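**Student:** Supplied structure: coords.csv, CSV, C-alpha atoms.
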chain,number,residue,atom,x,y,z
A,244,MET,CA,-199.5,1.3,286.7
A,245,ILE,CA,-198.0,3.4,284.0
A,246,PRO,CA,-199.8,6.8,283.8
A,247,SER,CA,-201.2,7.8,280.4
A,248,VAL,CA,-199.4,10.4,278.4
A,249,SER,CA,-200.2,12.3,275.2
A,250,SER,CA,-198.9,11.2,271.8
A,251,ALA,CA,-195.5,12.3,270.6
A,252,THR,CA,-197.2,13.7,267.5
A,253,PRO,CA,-199.1,17.0,268.3
A,254,SER,CA,-202.6,17.4,267.1
A,255,LYS,CA,-203.6,19.3,264.0
A,256,ALA,CA,-205.1,22.0,266.1
A,257,LEU,CA,-201.8,22.4,268.0
A,258,LEU,CA,-199.9,22.5,264.7
A,259,ASP,CA,-202.2,25.1,263.4
A,260,SER,CA,-201.8,27.2,266.5
A,261,VAL,CA,-198.0,27.2,266.0
A,262,ASN,CA,-197.8,27.5,262.3
A,263,GLY,CA,-200.8,29.7,261.7
A,264,THR,CA,-203.2,29.5,258.8
A,265,ALA,CA,-202.1,29.2,255.2
A,266,ALA,CA,-202.5,33.0,254.7
A,267,ALA,CA,-200.1,33.6,257.6
A,268,LYS,CA,-197.1,31.5,256.6
A,269,PRO,CA,-193.7,32.9,257.5
A,270,THR,CA,-192.2,35.1,254.9
A,271,THR,CA,-188.6,35.4,256.3
A,272,ALA,CA,-186.0,33.0,257.7
A,273,ALA,CA,-186.4,34.6,261.1
A,274,ASP,CA,-190.2,33.9,261.1
A,275,ALA,CA,-189.5,30.3,260.1
A,276,GLN,CA,-186.9,29.9,262.8
A,277,ASP,CA,-189.2,31.2,265.5
A,278,ARG,CA,-192.1,29.0,264.5
A,279,PHE,CA,-189.9,26.0,264.2
A,280,LEU,CA,-188.5,26.4,267.7
A,281,LYS,CA,-192.0,26.9,269.1
A,282,LEU,CA,-193.1,23.7,267.4
A,283,LEU,CA,-190.1,21.8,268.6
A,284,VAL,CA,-190.5,22.9,272.2
A,285,THR,CA,-194.2,21.9,272.0
A,286,GLN,CA,-193.4,18.5,270.6
A,287,MET,CA,-190.8,17.9,273.3
A,288,LYS,CA,-193.3,18.9,276.0
A,289,ASN,CA,-195.9,16.5,274.6
A,290,GLN,CA,-193.6,13.6,273.7
A,291,ASP,CA,-194.2,10.0,275.1
A,292,PRO,CA,-191.5,9.3,277.7
A,293,LEU,CA,-191.5,5.7,276.5
A,294,ASN,CA,-191.1,6.8,272.8
A,295,PRO,CA,-189.2,10.1,272.9
A,296,LEU,CA,-188.3,12.1,269.8
A,297,ASP,CA,-185.4,10.8,267.8
A,298,ASN,CA,-182.3,12.9,268.4
A,299,ALA,CA,-181.0,12.3,264.9
A,300,GLN,CA,-184.3,13.6,263.5
A,301,ILE,CA,-184.1,16.7,265.7
A,302,THR,CA,-180.5,17.3,264.7
A,303,SER,CA,-181.4,17.0,261.0
A,304,GLN,CA,-184.3,19.5,261.3
A,305,LEU,CA,-182.0,21.9,263.2
A,306,ALA,CA,-179.4,21.6,260.5
A,307,GLN,CA,-181.9,22.2,257.7
A,308,LEU,CA,-183.2,25.3,259.6
A,309,SER,CA,-179.6,26.5,260.0
A,310,THR,CA,-179.0,26.1,256.3
A,311,VAL,CA,-182.1,28.1,255.4
A,312,THR,CA,-181.1,30.8,257.8
A,313,GLY,CA,-177.6,30.9,256.4
A,314,ILE,CA,-178.8,31.2,252.9
A,315,ASP,CA,-181.1,34.1,253.8
A,316,LYS,CA,-178.2,35.9,255.5
A,317,MET,CA,-176.0,35.2,252.5
A,318,ASN,CA,-178.6,36.6,250.1
A,319,ALA,CA,-178.9,39.7,252.2
A,320,THR,CA,-175.1,40.1,252.2
A,321,LEU,CA,-174.9,39.6,248.4
A,322,ASN,CA,-177.7,42.2,247.9
A,323,THR,CA,-175.8,44.7,250.0
A,324,MET,CA,-172.6,44.0,248.0
A,325,VAL,CA,-174.5,44.4,244.7
A,326,ALA,CA,-176.0,47.7,245.8
A,327,GLY,CA,-172.6,48.9,246.9
A,328,ASN,CA,-171.0,47.9,243.6
A,329,GLN,CA,-173.8,49.6,241.6
A,330,ALA,CA,-173.3,52.8,243.6
A,331,ASP,CA,-169.6,52.7,242.9
A,332,ASP,CA,-170.3,52.1,239.2
A,333,SER,CA,-172.7,55.1,239.2
A,334,TYR,CA,-170.0,57.4,240.5
A,335,LYS,CA,-167.5,56.1,237.9
A,336,ALA,CA,-170.1,56.4,235.1
A,337,ALA,CA,-171.0,60.0,236.1
A,338,ALA,CA,-167.3,61.0,235.6
A,339,MET,CA,-167.6,60.0,232.0
A,340,ILE,CA,-170.4,62.5,231.2
A,341,GLY,CA,-169.3,64.8,228.4
A,342,HIS,CA,-166.6,62.4,227.2
A,343,ALA,CA,-166.6,60.5,223.9
A,344,VAL,CA,-166.4,56.7,224.2
A,345,MET,CA,-165.8,53.9,221.7
A,346,VAL,CA,-168.4,51.1,221.9
A,347,PRO,CA,-169.3,48.2,219.5
A,348,GLY,CA,-171.2,49.6,216.5
A,349,SER,CA,-170.9,50.5,212.8
A,350,SER,CA,-172.5,53.9,212.6
A,351,ILE,CA,-170.9,57.3,212.2
A,352,ASP,CA,-172.6,60.6,213.3
A,353,LEU,CA,-171.2,63.2,210.9
A,354,SER,CA,-171.6,66.6,212.6
A,355,GLN,CA,-170.1,69.9,211.3
A,356,GLY,CA,-167.9,68.1,208.9
A,357,THR,CA,-166.4,65.8,211.5
A,358,GLY,CA,-166.9,62.1,212.1
A,359,LEU,CA,-165.3,59.7,214.5
A,360,MET,CA,-165.3,56.0,214.5
A,361,GLY,CA,-162.9,53.1,215.3
A,362,PHE,CA,-162.2,49.4,215.3
A,363,GLU,CA,-160.5,46.8,217.4
A,364,LEU,CA,-158.0,44.2,216.0
A,365,PRO,CA,-157.3,40.9,217.8
A,366,GLN,CA,-153.8,40.9,216.2
A,367,ALA,CA,-151.6,43.2,214.2
A,368,ALA,CA,-152.5,43.8,210.5
A,369,ASP,CA,-150.2,45.0,207.8
A,370,ALA,CA,-153.0,46.4,205.6
A,371,VAL,CA,-156.2,48.1,206.8
A,372,THR,CA,-158.8,49.8,204.8
A,373,LEU,CA,-161.9,51.6,206.2
A,374,ASN,CA,-164.9,52.2,203.9
A,375,VAL,CA,-167.5,54.8,204.7
A,376,ARG,CA,-171.0,54.4,203.3
A,377,ASP,CA,-174.1,56.6,203.1
A,378,ALA,CA,-177.6,55.7,204.3
A,379,SER,CA,-178.3,53.7,201.2
A,380,GLY,CA,-175.1,51.6,201.6
A,381,ASN,CA,-173.2,53.4,198.7
A,382,LEU,CA,-169.5,53.7,199.2
A,383,VAL,CA,-168.6,57.4,199.6
A,384,ARG,CA,-165.0,57.2,200.9
A,385,SER,CA,-162.2,54.7,201.4
A,386,LEU,CA,-159.4,55.4,203.9
A,387,ASN,CA,-156.2,53.5,203.5
A,388,LEU,CA,-154.9,53.2,207.1
A,389,GLY,CA,-151.8,51.0,206.3
A,390,ALA,CA,-150.4,48.8,209.1
A,391,GLN,CA,-152.1,48.8,212.5
A,392,GLY,CA,-151.2,47.1,215.8
A,393,ALA,CA,-153.5,45.0,217.8
A,394,GLY,CA,-156.1,46.8,220.0
A,395,SER,CA,-158.4,49.7,219.6
A,396,VAL,CA,-157.8,52.2,216.8
A,397,PRO,CA,-159.7,55.5,216.7
A,398,VAL,CA,-160.2,57.1,213.2
A,399,GLY,CA,-161.2,60.6,212.3
A,400,TRP,CA,-163.1,61.5,209.1
A,401,ASP,CA,-163.2,64.9,207.5
A,402,GLY,CA,-166.7,64.4,206.2
A,403,LYS,CA,-165.6,64.5,202.5
A,404,ASP,CA,-166.2,61.9,199.8
A,405,SER,CA,-163.6,60.4,197.5
A,406,ALA,CA,-163.7,63.4,195.2
A,407,GLY,CA,-163.1,65.9,198.1
A,408,ASN,CA,-166.7,67.1,198.3
A,409,ALA,CA,-168.1,67.9,201.7
A,410,LEU,CA,-171.0,65.6,202.6
A,411,ALA,CA,-174.1,66.6,204.5
A,412,ASP,CA,-174.2,66.0,208.2
A,413,GLY,CA,-176.1,62.9,209.3
A,414,LYS,CA,-175.8,59.2,209.9
A,415,TYR,CA,-173.3,57.1,207.9
A,416,SER,CA,-172.0,53.6,208.4
A,417,PHE,CA,-168.6,52.0,207.9
A,418,ASP,CA,-166.8,48.6,207.5
A,419,VAL,CA,-163.2,47.6,207.8
A,420,SER,CA,-161.0,45.2,205.8
A,421,ALA,CA,-157.9,44.0,207.5
A,422,THR,CA,-155.3,41.5,206.5
A,423,ASN,CA,-151.9,40.2,207.8
A,424,GLY,CA,-149.7,38.4,205.3
A,425,GLY,CA,-152.7,38.0,203.0
A,426,ALA,CA,-154.8,36.3,205.7
A,427,LYS,CA,-157.9,38.1,206.9
A,428,VAL,CA,-158.0,39.7,210.3
A,429,ASP,CA,-161.5,40.1,211.8
A,430,ALA,CA,-162.0,43.6,213.1
A,431,THR,CA,-164.6,44.6,215.6
A,432,LEU,CA,-166.3,47.8,214.5
A,433,MET,CA,-166.5,50.6,217.1
A,434,SER,CA,-168.9,53.6,217.0
A,435,VAL,CA,-168.0,56.8,218.9
A,436,GLY,CA,-170.6,58.6,221.0
A,437,GLU,CA,-170.7,61.3,223.7
A,438,VAL,CA,-171.9,60.3,227.1
A,439,SER,CA,-174.8,62.6,227.8
A,440,SER,CA,-176.2,61.1,231.0
A,441,VAL,CA,-176.2,58.0,233.2
A,442,SER,CA,-179.1,55.7,234.1
A,443,VAL,CA,-179.4,53.1,236.9
A,444,GLY,CA,-182.0,50.3,236.6
A,445,PRO,CA,-182.5,46.6,237.2
A,446,SER,CA,-179.9,45.7,234.5
A,447,GLY,CA,-177.3,47.9,236.2
A,448,VAL,CA,-175.6,51.2,235.2
A,449,LYS,CA,-176.1,52.4,231.7
A,450,LEU,CA,-174.4,55.2,229.7
A,451,ASN,CA,-176.7,57.2,227.6
A,452,LEU,CA,-174.9,58.2,224.4
A,453,ARG,CA,-176.1,61.2,222.4
A,454,GLY,CA,-177.9,60.1,219.3
A,455,MET,CA,-177.2,56.4,220.1
A,456,ASN,CA,-178.6,53.6,222.3
A,457,ALA,CA,-177.7,53.2,225.9
A,458,VAL,CA,-174.7,50.9,226.6
A,459,ALA,CA,-173.2,49.1,229.6
A,460,MET,CA,-169.9,50.3,231.0
A,461,SER,CA,-168.4,47.0,230.1
A,462,ASP,CA,-169.1,47.9,226.4
A,463,VAL,CA,-166.7,50.8,226.5
A,464,ARG,CA,-163.4,50.0,224.7
A,465,GLN,CA,-161.8,53.4,224.9
A,466,ILE,CA,-162.5,56.9,226.3
A,467,ILE,CA,-161.5,59.6,223.9
Show the structure stored in the file as structure tokens.

**Tutor:**
Amino acid sequence: MIPSVSSATPSKALLDSVNGTAAAKPTTAADAQDRFLKLLVTQMKNQDPLNPLDNAQITSQLAQLSTVTGIDKMNATLNTMVAGNQADDSYKAAAMIGHAVMVPGSSIDLSQGTGLMGFELPQAADAVTLNVRDASGNLVRSLNLGAQGAGSVPVGWDGKDSAGNALADGKYSFDVSATNGGAKVDATLMSVGEVSSVSVGPSGVKLNLRGMNAVAMSDVRQII
């Protein structure tokens, strides 16, 4: 006579005792692994000898658990790497405090009769003109810069209009017209600002520019 055995499928009460209530679900891969192994051992202890657990199914479950654990470890490693890179960027950014940088923008901060700006050319141009405008958009000065090579070009302005009169300090804007053999060359305008401090947040390391918006380190085209 074959002795009776319990079912290969554990009861709901048994599963609840292993998995816990809904409010106590595992929150980490380690918790999930521990609970899974407890459940697997319990299932094997209570399996029907005439209908044992399927080895392929057990192997599949173990593989899935291994994948989840591996992903959790990989995420932890990536988070550590990101934190390390952010700290490294912070040190590099701190060294830029007090320096002027060129970043994308079209504004000029005229201070004590001096204004700095710049632009970036994707290719050489044989004729470049920079136009300075006041807050109302009126043209106050045109600078003929002649031929310029590809890359970043810083430009200084003496704060005077086309008639040689000194203009009041404040915010101005500029645009650039560039051509090569009569064909237009698209210039990327660059504002110049002094790095006053550095901020670290969810979006990464930011350079706080005096009188301007914060920018990412990747926005810096040139340190002046």

**Student:** How close does each residue of stretch 420-449 of chain A get to stretch 366-380 of chain A, giving the shortest atom pair and distance in Å to one decimal for every residue with an atom at most 6 Å away, counting all atoms listed in the file, sorted by chain and residue number, as JSON lines?

**Tutor:**
{"residue": "A:Ser420", "atom": "CA", "partner": "A:Thr372", "partner_atom": "CA", "distance": 5.2}
{"residue": "A:Ala421", "atom": "CA", "partner": "A:Val371", "partner_atom": "CA", "distance": 4.5}
{"residue": "A:Thr422", "atom": "CA", "partner": "A:Ala368", "partner_atom": "CA", "distance": 5.4}
{"residue": "A:Asn423", "atom": "CA", "partner": "A:Ala368", "partner_atom": "CA", "distance": 4.5}

**Student:** Nearest to A:Val443: which of A:Asp277, A:Ala457, A:Ser405, A:Leu353 is it, counting all atoms listed in the file?

**Tutor:**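 Among the listed residues, the smallest separation from A:Val443 belongs to A:Ala457.
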
**Student:** How many Å separate atom CA of A:Leu359 from atom CA of A:Gly424?

**Tutor:**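 Computed distance, atom CA of A:Leu359 to atom CA of A:Gly424, equals 28.0 Å.
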
**Student:** With all atoms listed in the file as the counted atoms, please give the residues lying no more than 10 Å from A:Met455, apart from itself and same-chain residues fewer than 5 positions off, as a list in words.

**Tutor:** Gly348, Ser350, Asp352, Ser434, Val435, Gly436, Glu437 and Val438 of chain A

**Student:** Just the number, please: distance in Å from atom CA of A:Met460 to atom CA of A:Ala343, one decimal.

**Tutor:**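 One can read the atom CA of A:Met460 to atom CA of A:Ala343 distance as 12.9 Å.
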
**Student:** For A:Val448, list every protein, DNA or RNA residue within 8 Å, evaluated using only C-alpha atoms, and leave out those in the same chain fewer than 6 positions away; present the list as a VMD selection string.

**Tutor:** chain A and resid 329 332 to 333 336 441 to 442 459 to 460

**Student:** Pick out the closest residue to A:Asn408 from this set: A:Gly454, A:Gly444, A:Gly341, A:Gly356. Count all atoms listed in the file.

**Tutor:** A:Gly356

**Student:** Can you list, as a PDB file with C-alpha atoms, in the frame of the given file, every protein, DNA or RNA residue that comes within 10 Å of A:Thr357 when you count all atoms listed in the file, leaving out same-chain residues fewer than 2 positions away?

**Tutor:**
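Contents of around33.pdb, freshly written:
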ATOM      1  CA  ILE A 351    -170.900  57.300 212.200  1.00  0.00           C
ATOM      2  CA  ASP A 352    -172.600  60.600 213.300  1.00  0.00           C
ATOM      3  CA  LEU A 353    -171.200  63.200 210.900  1.00  0.00           C
ATOM      4  CA  SER A 354    -171.600  66.600 212.600  1.00  0.00           C
ATOM      5  CA  GLN A 355    -170.100  69.900 211.300  1.00  0.00           C
ATOM      6  CA  LEU A 359    -165.300  59.700 214.500  1.00  0.00           C
ATOM      7  CA  GLY A 399    -161.200  60.600 212.300  1.00  0.00           C
ATOM      8  CA  TRP A 400    -163.100  61.500 209.100  1.00  0.00           C
ATOM      9  CA  ASP A 401    -163.200  64.900 207.500  1.00  0.00           C
ATOM     10  CA  GLY A 402    -166.700  64.400 206.200  1.00  0.00           C
ATOM     11  CA  LYS A 403    -165.600  64.500 202.500  1.00  0.00           C
ATOM     12  CA  ASP A 412    -174.200  66.000 208.200  1.00  0.00           C
TER      13      ASP A 412
END

**Student:** Which one of A:Leu452, A:Met360, A:Val284, A:Met345 sits closest to A:Ser440 if you count only C-alpha atoms?

**Tutor:**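 Among the listed residues, the smallest separation from A:Ser440 belongs to A:Leu452.
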
**Student:** Within 6 Å of A:Val346, counting all atoms listed in the file, which residues qualify if same-chain residues fewer than 3 places away don't, as a list of chain:residue names?

**Tutor:**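 The residues satisfying every condition are A:Met433, A:Ser434, A:Asp462, A:Val463, A:Arg464.
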
**Student:** Calculate how many Å separate atom CA of A:Val419 from atom CA of A:Leu432, rounding to one decimal.

**Tutor:**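 Computed distance, atom CA of A:Val419 to atom CA of A:Leu432, equals 7.4 Å.
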
**Student:** Which of these residues is nearest to A:Ser349, using only C-alpha atoms: A:Lys427, A:Phe417, A:Asp404, A:Ser446?

**Tutor:** A:Phe417
